[in-house]
Every structure is written in structure tokens, then in C-alpha cells.
Amino acid sequence: MTNHYQISRRTPTPEEYKALCTAVDWADYMNLEVAEASLQQSLFAVVAQLGEEIVGMGRIVGDGKIYFYIQDIAVAPEHQGKGVGSMIMDEIMEFLKGNAPEKAFIGLFASEGRETFYHRYGLHNHDGMTGMFGVMHRREIK
């Protein structure tokens, strides 16, 4: 039931962020030492709560004019499949519809197997474009 979950338009604290990243097994792939500085650069963020417990988050990063990237959509495993991710994305989409100008680029990287979740929000693969990324490791992009 989603009626007990609440969404707050705020950035997660560094502790909340680290806890959720750990809960969804991202901690090994992220430099959590710089999480606080990264969070401060968010254009928009939300957290999902069940009572006092933070159970999900999502944020937008980018330049706020041409580029908006949806980042860190995470829901603690025991709360997945209960509509929390949809509540987070609904808030993010509301922000984008009210703040992203015409022809703004809205992007994200979806975890494998989660791509179809984002289709209902208008996010798809596009012919002629390939999403690519690298990760900095020992001062080399790999």
C-alpha cells in the first residue's frame, strides 16, 4: 500500500544517501566520500518515507537549462514493488514539466531489467543515439 508512504521534496542527507546506496548494492560502485558535495549540486531531489524511515530517493542533476539527468532512483529492497518508485518518479516528472524548458534533454541510466519502468515517463532508447559512460578509476576513465 502506498498510502502510508510520504514523499518530501528535499535532498537526502549524506547519511540517508549512503544508507540507501548500500541497501541497493551501489556502495561498491560509488565514491561515497564525496556524496555530501554531490548532493549539494542537485537541481531537485525527493525522499520517500514510511514513518520516520527513509525508504527511497531520487534526484535531478544537470545545468538546469538544457540538460537534466535523473539520478539515484533508489528504493530499499523491502519497499520495492509497492509503488514507491512511481511516487518518486511522479514528483520528478512534475518538477521537470514545470522547470525544464522546451527541447531540454532529459536523461538517465536505468539498472538492467528496469528500463520498462521508465518508458511510462516518456524515457526510451532513441535511434541514432547510444548511451555511453565511463568510470574514473585510478585517474583513468574505464
# chains A, B, ... in the order shown; residues from 1 in each chain; ligands from 1
>>> residues_around(residues="region 19-22 of chain A", least_positions_apart="5", cutoff="10 Å", atoms="only C-alpha atoms", output="PyMOL selection string")
chain A and resi 12-14+27-30+32+54-57+72-77
>>> write_last_selection(atoms="N, CA, C and O atoms", output="mmCIF file, in the first residue's frame")
data_model
loop_
_atom_site.group_PDB
_atom_site.id
_atom_site.type_symbol
_atom_site.label_atom_id
_atom_site.label_comp_id
_atom_site.auth_asym_id
_atom_site.auth_seq_id
_atom_site.Cartn_x
_atom_site.Cartn_y
_atom_site.Cartn_z
ATOM 1 N N PRO A 12 18.261 14.130 0.175
ATOM 2 C CA PRO A 12 18.590 13.244 1.294
ATOM 3 C C PRO A 12 19.846 13.747 2.000
ATOM 4 O O PRO A 12 20.710 14.369 1.378
ATOM 5 N N THR A 13 19.939 13.484 3.273
ATOM 6 C CA THR A 13 21.172 13.798 3.987
ATOM 7 C C THR A 13 22.256 12.844 3.487
ATOM 8 O O THR A 13 21.945 11.778 2.928
ATOM 9 N N PRO A 14 23.514 13.188 3.688
ATOM 10 C CA PRO A 14 24.568 12.249 3.286
ATOM 11 C C PRO A 14 24.401 10.871 3.932
ATOM 12 O O PRO A 14 24.637 9.850 3.281
ATOM 13 N N ALA A 27 27.018 0.749 -3.176
ATOM 14 C CA ALA A 27 28.140 1.293 -2.417
ATOM 15 C C ALA A 27 29.500 0.902 -3.008
ATOM 16 O O ALA A 27 30.439 1.701 -2.980
ATOM 17 N N ASP A 28 29.617 -0.289 -3.561
ATOM 18 C CA ASP A 28 30.895 -0.721 -4.142
ATOM 19 C C ASP A 28 31.223 0.006 -5.436
ATOM 20 O O ASP A 28 32.365 -0.046 -5.897
ATOM 21 N N TYR A 29 30.252 0.676 -6.018
ATOM 22 C CA TYR A 29 30.439 1.327 -7.317
ATOM 23 C C TYR A 29 30.471 2.844 -7.215
ATOM 24 O O TYR A 29 30.570 3.518 -8.237
ATOM 25 N N MET A 30 30.377 3.374 -6.007
ATOM 26 C CA MET A 30 30.290 4.816 -5.838
ATOM 27 C C MET A 30 31.326 5.298 -4.821
ATOM 28 O O MET A 30 31.623 4.596 -3.861
ATOM 29 N N LEU A 32 31.469 7.247 -2.040
ATOM 30 C CA LEU A 32 30.560 7.860 -1.067
ATOM 31 C C LEU A 32 31.240 8.929 -0.220
ATOM 32 O O LEU A 32 30.572 9.684 0.478
ATOM 33 N N ILE A 54 13.545 6.524 6.050
ATOM 34 C CA ILE A 54 13.757 6.900 4.655
ATOM 35 C C ILE A 54 13.884 5.609 3.855
ATOM 36 O O ILE A 54 14.773 4.794 4.111
ATOM 37 N N VAL A 55 12.977 5.415 2.889
ATOM 38 C CA VAL A 55 12.930 4.151 2.154
ATOM 39 C C VAL A 55 13.229 4.322 0.664
ATOM 40 O O VAL A 55 13.345 3.337 -0.059
ATOM 41 N N GLY A 56 13.354 5.560 0.196
ATOM 42 C CA GLY A 56 13.632 5.781 -1.217
ATOM 43 C C GLY A 56 14.085 7.203 -1.464
ATOM 44 O O GLY A 56 13.944 8.083 -0.614
ATOM 45 N N MET A 57 14.654 7.403 -2.654
ATOM 46 C CA MET A 57 15.129 8.736 -3.029
ATOM 47 C C MET A 57 15.214 8.825 -4.541
ATOM 48 O O MET A 57 15.184 7.826 -5.254
ATOM 49 N N ASP A 72 20.018 8.463 -9.182
ATOM 50 C CA ASP A 72 19.852 7.896 -7.848
ATOM 51 C C ASP A 72 18.412 7.547 -7.484
ATOM 52 O O ASP A 72 17.980 7.749 -6.350
ATOM 53 N N ILE A 73 17.685 7.021 -8.435
ATOM 54 C CA ILE A 73 16.363 6.492 -8.099
ATOM 55 C C ILE A 73 16.616 5.177 -7.373
ATOM 56 O O ILE A 73 17.076 4.205 -7.961
ATOM 57 N N ALA A 74 16.367 5.187 -6.078
ATOM 58 C CA ALA A 74 16.651 4.006 -5.263
ATOM 59 C C ALA A 74 15.526 3.803 -4.258
ATOM 60 O O ALA A 74 15.071 4.761 -3.627
ATOM 61 N N VAL A 75 15.118 2.562 -4.128
ATOM 62 C CA VAL A 75 14.106 2.180 -3.138
ATOM 63 C C VAL A 75 14.663 0.978 -2.389
ATOM 64 O O VAL A 75 15.105 0.001 -3.011
ATOM 65 N N ALA A 76 14.657 1.046 -1.070
ATOM 66 C CA ALA A 76 15.149 -0.065 -0.256
ATOM 67 C C ALA A 76 14.429 -1.349 -0.675
ATOM 68 O O ALA A 76 13.217 -1.332 -0.926
ATOM 69 N N PRO A 77 15.167 -2.448 -0.793
ATOM 70 C CA PRO A 77 14.588 -3.692 -1.327
ATOM 71 C C PRO A 77 13.274 -4.120 -0.686
ATOM 72 O O PRO A 77 12.356 -4.554 -1.382
#
>>> residues_around(residues="Tyr69 (chain A)", least_positions_apart="2", cutoff="12 Å", atoms="only C-alpha atoms", output="list in words")
Ser42, Leu43, Phe44, Ala45, Gly58, Arg59, Ile60, Val61, Gly62, Asp63, Gly64, Lys65, Ile66, Tyr67, Gln71, Asp72, Ile73, Ile92, Met93, Leu96, Ala100, Ala104, Phe105, Ile106, Gly107, Leu108, Phe109, Ala110 and Leu123 of chain A
>>> write_last_selection(atoms="C-alpha atoms", output="mmCIF file, in the first residue's frame")
data_model
loop_
_atom_site.group_PDB
_atom_site.id
_atom_site.type_symbol
_atom_site.label_atom_id
_atom_site.label_comp_id
_atom_site.auth_asym_id
_atom_site.auth_seq_id
_atom_site.Cartn_x
_atom_site.Cartn_y
_atom_site.Cartn_z
ATOM 1 C CA SER A 42 21.366 18.599 -7.043
ATOM 2 C CA LEU A 43 18.840 20.622 -9.024
ATOM 3 C CA PHE A 44 15.952 18.820 -7.344
ATOM 4 C CA ALA A 45 15.557 15.870 -5.006
ATOM 5 C CA GLY A 58 15.589 10.328 -6.406
ATOM 6 C CA ARG A 59 17.226 13.466 -7.712
ATOM 7 C CA ILE A 60 17.976 15.525 -10.791
ATOM 8 C CA VAL A 61 21.401 16.849 -11.711
ATOM 9 C CA GLY A 62 22.437 18.949 -14.690
ATOM 10 C CA ASP A 63 22.733 22.538 -15.789
ATOM 11 C CA GLY A 64 19.071 23.357 -15.232
ATOM 12 C CA LYS A 65 18.618 24.726 -18.751
ATOM 13 C CA ILE A 66 19.479 22.227 -21.474
ATOM 14 C CA TYR A 67 20.450 19.089 -19.557
ATOM 15 C CA GLN A 71 19.891 10.138 -10.855
ATOM 16 C CA ASP A 72 19.852 7.896 -7.848
ATOM 17 C CA ILE A 73 16.363 6.492 -8.099
ATOM 18 C CA ILE A 92 10.468 14.236 -10.525
ATOM 19 C CA MET A 93 8.288 14.447 -13.625
ATOM 20 C CA LEU A 96 10.615 18.649 -14.936
ATOM 21 C CA ALA A 100 12.644 22.179 -17.958
ATOM 22 C CA ALA A 104 15.593 20.236 -22.796
ATOM 23 C CA PHE A 105 17.374 16.872 -22.779
ATOM 24 C CA ILE A 106 16.117 14.539 -20.042
ATOM 25 C CA GLY A 107 18.363 11.537 -19.488
ATOM 26 C CA LEU A 108 19.022 8.672 -17.119
ATOM 27 C CA PHE A 109 20.813 5.374 -16.828
ATOM 28 C CA ALA A 110 18.465 2.572 -15.838
ATOM 29 C CA LEU A 123 12.084 7.853 -21.435
#
>>> select_by_dssp(residues="region 13-126 of chain A", states="helix (DSSP H, G or I)", output="PDB file with N, CA, C and O atoms, in the first residue's frame")
ATOM      1  N   PRO A  14      23.514  13.188   3.688  1.00  0.00           N
ATOM      2  CA  PRO A  14      24.568  12.249   3.286  1.00  0.00           C
ATOM      3  C   PRO A  14      24.401  10.871   3.932  1.00  0.00           C
ATOM      4  O   PRO A  14      24.637   9.850   3.281  1.00  0.00           O
ATOM      5  N   GLU A  15      23.954  10.834   5.165  1.00  0.00           N
ATOM      6  CA  GLU A  15      23.756   9.550   5.846  1.00  0.00           C
ATOM      7  C   GLU A  15      22.623   8.758   5.212  1.00  0.00           C
ATOM      8  O   GLU A  15      22.720   7.545   5.017  1.00  0.00           O
ATOM      9  N   GLU A  16      21.509   9.434   4.893  1.00  0.00           N
ATOM     10  CA  GLU A  16      20.385   8.766   4.232  1.00  0.00           C
ATOM     11  C   GLU A  16      20.807   8.256   2.857  1.00  0.00           C
ATOM     12  O   GLU A  16      20.465   7.134   2.460  1.00  0.00           O
ATOM     13  N   TYR A  17      21.540   9.091   2.141  1.00  0.00           N
ATOM     14  CA  TYR A  17      22.008   8.733   0.797  1.00  0.00           C
ATOM     15  C   TYR A  17      22.892   7.486   0.852  1.00  0.00           C
ATOM     16  O   TYR A  17      22.695   6.531   0.104  1.00  0.00           O
ATOM     17  N   LYS A  18      23.859   7.495   1.762  1.00  0.00           N
ATOM     18  CA  LYS A  18      24.775   6.359   1.888  1.00  0.00           C
ATOM     19  C   LYS A  18      24.025   5.094   2.291  1.00  0.00           C
ATOM     20  O   LYS A  18      24.302   4.008   1.768  1.00  0.00           O
ATOM     21  N   ALA A  19      23.059   5.225   3.188  1.00  0.00           N
ATOM     22  CA  ALA A  19      22.293   4.056   3.627  1.00  0.00           C
ATOM     23  C   ALA A  19      21.497   3.455   2.475  1.00  0.00           C
ATOM     24  O   ALA A  19      21.462   2.224   2.303  1.00  0.00           O
ATOM     25  N   LEU A  20      20.854   4.301   1.662  1.00  0.00           N
ATOM     26  CA  LEU A  20      20.082   3.778   0.534  1.00  0.00           C
ATOM     27  C   LEU A  20      20.994   3.198  -0.543  1.00  0.00           C
ATOM     28  O   LEU A  20      20.674   2.155  -1.123  1.00  0.00           O
ATOM     29  N   CYS A  21      22.117   3.847  -0.814  1.00  0.00           N
ATOM     30  CA  CYS A  21      23.068   3.298  -1.792  1.00  0.00           C
ATOM     31  C   CYS A  21      23.558   1.925  -1.348  1.00  0.00           C
ATOM     32  O   CYS A  21      23.698   1.012  -2.169  1.00  0.00           O
ATOM     33  N   THR A  22      23.807   1.777  -0.066  1.00  0.00           N
ATOM     34  CA  THR A  22      24.236   0.486   0.471  1.00  0.00           C
ATOM     35  C   THR A  22      23.116  -0.540   0.364  1.00  0.00           C
ATOM     36  O   THR A  22      23.344  -1.680  -0.036  1.00  0.00           O
ATOM     37  N   ALA A  23      21.892  -0.128   0.673  1.00  0.00           N
ATOM     38  CA  ALA A  23      20.740  -1.044   0.643  1.00  0.00           C
ATOM     39  C   ALA A  23      20.492  -1.618  -0.745  1.00  0.00           C
ATOM     40  O   ALA A  23      20.047  -2.753  -0.877  1.00  0.00           O
ATOM     41  N   ALA A  27      27.018   0.749  -3.176  1.00  0.00           N
ATOM     42  CA  ALA A  27      28.140   1.293  -2.417  1.00  0.00           C
ATOM     43  C   ALA A  27      29.500   0.902  -3.008  1.00  0.00           C
ATOM     44  O   ALA A  27      30.439   1.701  -2.980  1.00  0.00           O
ATOM     45  N   ASP A  28      29.617  -0.289  -3.561  1.00  0.00           N
ATOM     46  CA  ASP A  28      30.895  -0.721  -4.142  1.00  0.00           C
ATOM     47  C   ASP A  28      31.223   0.006  -5.436  1.00  0.00           C
ATOM     48  O   ASP A  28      32.365  -0.046  -5.897  1.00  0.00           O
ATOM     49  N   TYR A  29      30.252   0.676  -6.018  1.00  0.00           N
ATOM     50  CA  TYR A  29      30.439   1.327  -7.317  1.00  0.00           C
ATOM     51  C   TYR A  29      30.471   2.844  -7.215  1.00  0.00           C
ATOM     52  O   TYR A  29      30.570   3.518  -8.237  1.00  0.00           O
ATOM     53  N   LEU A  32      31.469   7.247  -2.040  1.00  0.00           N
ATOM     54  CA  LEU A  32      30.560   7.860  -1.067  1.00  0.00           C
ATOM     55  C   LEU A  32      31.240   8.929  -0.220  1.00  0.00           C
ATOM     56  O   LEU A  32      30.572   9.684   0.478  1.00  0.00           O
ATOM     57  N   GLU A  33      32.565   9.033  -0.319  1.00  0.00           N
ATOM     58  CA  GLU A  33      33.285  10.080   0.413  1.00  0.00           C
ATOM     59  C   GLU A  33      32.923  11.471  -0.111  1.00  0.00           C
ATOM     60  O   GLU A  33      33.047  12.452   0.613  1.00  0.00           O
ATOM     61  N   VAL A  34      32.492  11.567  -1.356  1.00  0.00           N
ATOM     62  CA  VAL A  34      32.145  12.860  -1.946  1.00  0.00           C
ATOM     63  C   VAL A  34      30.634  13.045  -2.059  1.00  0.00           C
ATOM     64  O   VAL A  34      30.163  13.973  -2.712  1.00  0.00           O
ATOM     65  N   ALA A  35      29.875  12.177  -1.406  1.00  0.00           N
ATOM     66  CA  ALA A  35      28.414  12.222  -1.516  1.00  0.00           C
ATOM     67  C   ALA A  35      27.847  13.569  -1.075  1.00  0.00           C
ATOM     68  O   ALA A  35      26.965  14.118  -1.735  1.00  0.00           O
ATOM     69  N   GLU A  36      28.333  14.116   0.022  1.00  0.00           N
ATOM     70  CA  GLU A  36      27.778  15.370   0.523  1.00  0.00           C
ATOM     71  C   GLU A  36      27.931  16.490  -0.500  1.00  0.00           C
ATOM     72  O   GLU A  36      26.975  17.222  -0.783  1.00  0.00           O
ATOM     73  N   ALA A  37      29.121  16.617  -1.091  1.00  0.00           N
ATOM     74  CA  ALA A  37      29.348  17.657  -2.103  1.00  0.00           C
ATOM     75  C   ALA A  37      28.481  17.410  -3.335  1.00  0.00           C
ATOM     76  O   ALA A  37      27.945  18.348  -3.923  1.00  0.00           O
ATOM     77  N   SER A  38      28.333  16.153  -3.726  1.00  0.00           N
ATOM     78  CA  SER A  38      27.500  15.824  -4.882  1.00  0.00           C
ATOM     79  C   SER A  38      26.039  16.193  -4.624  1.00  0.00           C
ATOM     80  O   SER A  38      25.386  16.799  -5.476  1.00  0.00           O
ATOM     81  N   LEU A  39      25.552  15.838  -3.459  1.00  0.00           N
ATOM     82  CA  LEU A  39      24.158  16.131  -3.121  1.00  0.00           C
ATOM     83  C   LEU A  39      23.876  17.631  -3.142  1.00  0.00           C
ATOM     84  O   LEU A  39      22.787  18.055  -3.540  1.00  0.00           O
ATOM     85  N   GLN A  40      24.855  18.422  -2.755  1.00  0.00           N
ATOM     86  CA  GLN A  40      24.687  19.879  -2.742  1.00  0.00           C
ATOM     87  C   GLN A  40      24.522  20.447  -4.150  1.00  0.00           C
ATOM     88  O   GLN A  40      24.002  21.549  -4.314  1.00  0.00           O
ATOM     89  N   PRO A  77      15.167  -2.448  -0.793  1.00  0.00           N
ATOM     90  CA  PRO A  77      14.588  -3.692  -1.327  1.00  0.00           C
ATOM     91  C   PRO A  77      13.274  -4.120  -0.686  1.00  0.00           C
ATOM     92  O   PRO A  77      12.356  -4.554  -1.382  1.00  0.00           O
ATOM     93  N   GLU A  78      13.127  -3.971   0.619  1.00  0.00           N
ATOM     94  CA  GLU A  78      11.897  -4.416   1.275  1.00  0.00           C
ATOM     95  C   GLU A  78      10.696  -3.533   0.955  1.00  0.00           C
ATOM     96  O   GLU A  78       9.558  -3.885   1.263  1.00  0.00           O
ATOM     97  N   HIS A  79      10.935  -2.401   0.280  1.00  0.00           N
ATOM     98  CA  HIS A  79       9.844  -1.489  -0.091  1.00  0.00           C
ATOM     99  C   HIS A  79       9.615  -1.447  -1.604  1.00  0.00           C
ATOM    100  O   HIS A  79       8.751  -0.715  -2.071  1.00  0.00           O
ATOM    101  N   VAL A  84       6.543   2.873  -4.493  1.00  0.00           N
ATOM    102  CA  VAL A  84       7.412   3.944  -4.010  1.00  0.00           C
ATOM    103  C   VAL A  84       8.195   4.566  -5.165  1.00  0.00           C
ATOM    104  O   VAL A  84       8.286   5.799  -5.274  1.00  0.00           O
ATOM    105  N   GLY A  85       8.738   3.732  -6.047  1.00  0.00           N
ATOM    106  CA  GLY A  85       9.471   4.252  -7.201  1.00  0.00           C
ATOM    107  C   GLY A  85       8.589   5.128  -8.084  1.00  0.00           C
ATOM    108  O   GLY A  85       9.031   6.173  -8.574  1.00  0.00           O
ATOM    109  N   SER A  86       7.359   4.732  -8.258  1.00  0.00           N
ATOM    110  CA  SER A  86       6.417   5.538  -9.050  1.00  0.00           C
ATOM    111  C   SER A  86       6.128   6.869  -8.377  1.00  0.00           C
ATOM    112  O   SER A  86       6.045   7.903  -9.046  1.00  0.00           O
ATOM    113  N   MET A  87       6.001   6.872  -7.066  1.00  0.00           N
ATOM    114  CA  MET A  87       5.763   8.118  -6.344  1.00  0.00           C
ATOM    115  C   MET A  87       6.958   9.063  -6.518  1.00  0.00           C
ATOM    116  O   MET A  87       6.781  10.268  -6.724  1.00  0.00           O
ATOM    117  N   ILE A  88       8.158   8.511  -6.444  1.00  0.00           N
ATOM    118  CA  ILE A  88       9.367   9.315  -6.622  1.00  0.00           C
ATOM    119  C   ILE A  88       9.407   9.890  -8.035  1.00  0.00           C
ATOM    120  O   ILE A  88       9.634  11.090  -8.231  1.00  0.00           O
ATOM    121  N   MET A  89       9.184   9.036  -9.034  1.00  0.00           N
ATOM    122  CA  MET A  89       9.230   9.499 -10.428  1.00  0.00           C
ATOM    123  C   MET A  89       8.117  10.492 -10.734  1.00  0.00           C
ATOM    124  O   MET A  89       8.328  11.429 -11.511  1.00  0.00           O
ATOM    125  N   ASP A  90       6.950  10.331 -10.151  1.00  0.00           N
ATOM    126  CA  ASP A  90       5.866  11.295 -10.363  1.00  0.00           C
ATOM    127  C   ASP A  90       6.292  12.689  -9.905  1.00  0.00           C
ATOM    128  O   ASP A  90       6.025  13.684 -10.585  1.00  0.00           O
ATOM    129  N   GLU A  91       6.955  12.783  -8.758  1.00  0.00           N
ATOM    130  CA  GLU A  91       7.433  14.075  -8.261  1.00  0.00           C
ATOM    131  C   GLU A  91       8.514  14.646  -9.171  1.00  0.00           C
ATOM    132  O   GLU A  91       8.526  15.846  -9.458  1.00  0.00           O
ATOM    133  N   ILE A  92       9.402  13.792  -9.617  1.00  0.00           N
ATOM    134  CA  ILE A  92      10.468  14.236 -10.525  1.00  0.00           C
ATOM    135  C   ILE A  92       9.872  14.743 -11.833  1.00  0.00           C
ATOM    136  O   ILE A  92      10.273  15.802 -12.340  1.00  0.00           O
ATOM    137  N   MET A  93       8.904  14.027 -12.366  1.00  0.00           N
ATOM    138  CA  MET A  93       8.288  14.447 -13.625  1.00  0.00           C
ATOM    139  C   MET A  93       7.527  15.760 -13.450  1.00  0.00           C
ATOM    140  O   MET A  93       7.548  16.614 -14.338  1.00  0.00           O
ATOM    141  N   GLU A  94       6.880  15.928 -12.321  1.00  0.00           N
ATOM    142  CA  GLU A  94       6.178  17.186 -12.062  1.00  0.00           C
ATOM    143  C   GLU A  94       7.172  18.350 -12.052  1.00  0.00           C
ATOM    144  O   GLU A  94       6.912  19.407 -12.622  1.00  0.00           O
ATOM    145  N   PHE A  95       8.313  18.154 -11.402  1.00  0.00           N
ATOM    146  CA  PHE A  95       9.342  19.195 -11.390  1.00  0.00           C
ATOM    147  C   PHE A  95       9.824  19.499 -12.810  1.00  0.00           C
ATOM    148  O   PHE A  95       9.929  20.661 -13.205  1.00  0.00           O
ATOM    149  N   LEU A  96      10.116  18.447 -13.574  1.00  0.00           N
ATOM    150  CA  LEU A  96      10.615  18.649 -14.936  1.00  0.00           C
ATOM    151  C   LEU A  96       9.600  19.370 -15.804  1.00  0.00           C
ATOM    152  O   LEU A  96       9.954  20.291 -16.544  1.00  0.00           O
ATOM    153  N   LYS A  97       8.344  18.991 -15.720  1.00  0.00           N
ATOM    154  CA  LYS A  97       7.307  19.638 -16.529  1.00  0.00           C
ATOM    155  C   LYS A  97       7.168  21.114 -16.192  1.00  0.00           C
ATOM    156  O   LYS A  97       6.838  21.927 -17.054  1.00  0.00           O
ATOM    157  N   GLY A  98       7.439  21.480 -14.958  1.00  0.00           N
ATOM    158  CA  GLY A  98       7.334  22.872 -14.550  1.00  0.00           C
ATOM    159  C   GLY A  98       8.611  23.681 -14.695  1.00  0.00           C
ATOM    160  O   GLY A  98       8.570  24.903 -14.615  1.00  0.00           O
ATOM    161  N   ASN A  99       9.749  23.012 -14.918  1.00  0.00           N
ATOM    162  CA  ASN A  99      11.021  23.725 -14.889  1.00  0.00           C
ATOM    163  C   ASN A  99      11.931  23.514 -16.092  1.00  0.00           C
ATOM    164  O   ASN A  99      12.811  24.346 -16.329  1.00  0.00           O
ATOM    165  N   GLU A 115      14.449  -0.958 -17.304  1.00  0.00           N
ATOM    166  CA  GLU A 115      14.206   0.011 -18.375  1.00  0.00           C
ATOM    167  C   GLU A 115      12.720   0.263 -18.620  1.00  0.00           C
ATOM    168  O   GLU A 115      12.312   1.413 -18.800  1.00  0.00           O
ATOM    169  N   THR A 116      11.912  -0.772 -18.620  1.00  0.00           N
ATOM    170  CA  THR A 116      10.499  -0.596 -18.947  1.00  0.00           C
ATOM    171  C   THR A 116       9.763   0.252 -17.910  1.00  0.00           C
ATOM    172  O   THR A 116       8.775   0.895 -18.245  1.00  0.00           O
ATOM    173  N   PHE A 117      10.242   0.271 -16.680  1.00  0.00           N
ATOM    174  CA  PHE A 117       9.635   1.120 -15.653  1.00  0.00           C
ATOM    175  C   PHE A 117       9.626   2.573 -16.115  1.00  0.00           C
ATOM    176  O   PHE A 117       8.662   3.301 -15.887  1.00  0.00           O
ATOM    177  N   TYR A 118      10.694   3.001 -16.793  1.00  0.00           N
ATOM    178  CA  TYR A 118      10.839   4.402 -17.184  1.00  0.00           C
ATOM    179  C   TYR A 118      10.121   4.747 -18.491  1.00  0.00           C
ATOM    180  O   TYR A 118       9.920   5.920 -18.778  1.00  0.00           O
ATOM    181  N   HIS A 119       9.710   3.749 -19.245  1.00  0.00           N
ATOM    182  CA  HIS A 119       9.000   4.013 -20.512  1.00  0.00           C
ATOM    183  C   HIS A 119       7.724   4.812 -20.291  1.00  0.00           C
ATOM    184  O   HIS A 119       7.383   5.685 -21.082  1.00  0.00           O
TER     185      HIS A 119
END
>>> atom_distance(atom1="CA of Thr130 (chain A)", atom2="CA of Trp26 (chain A)")
23.3 Å
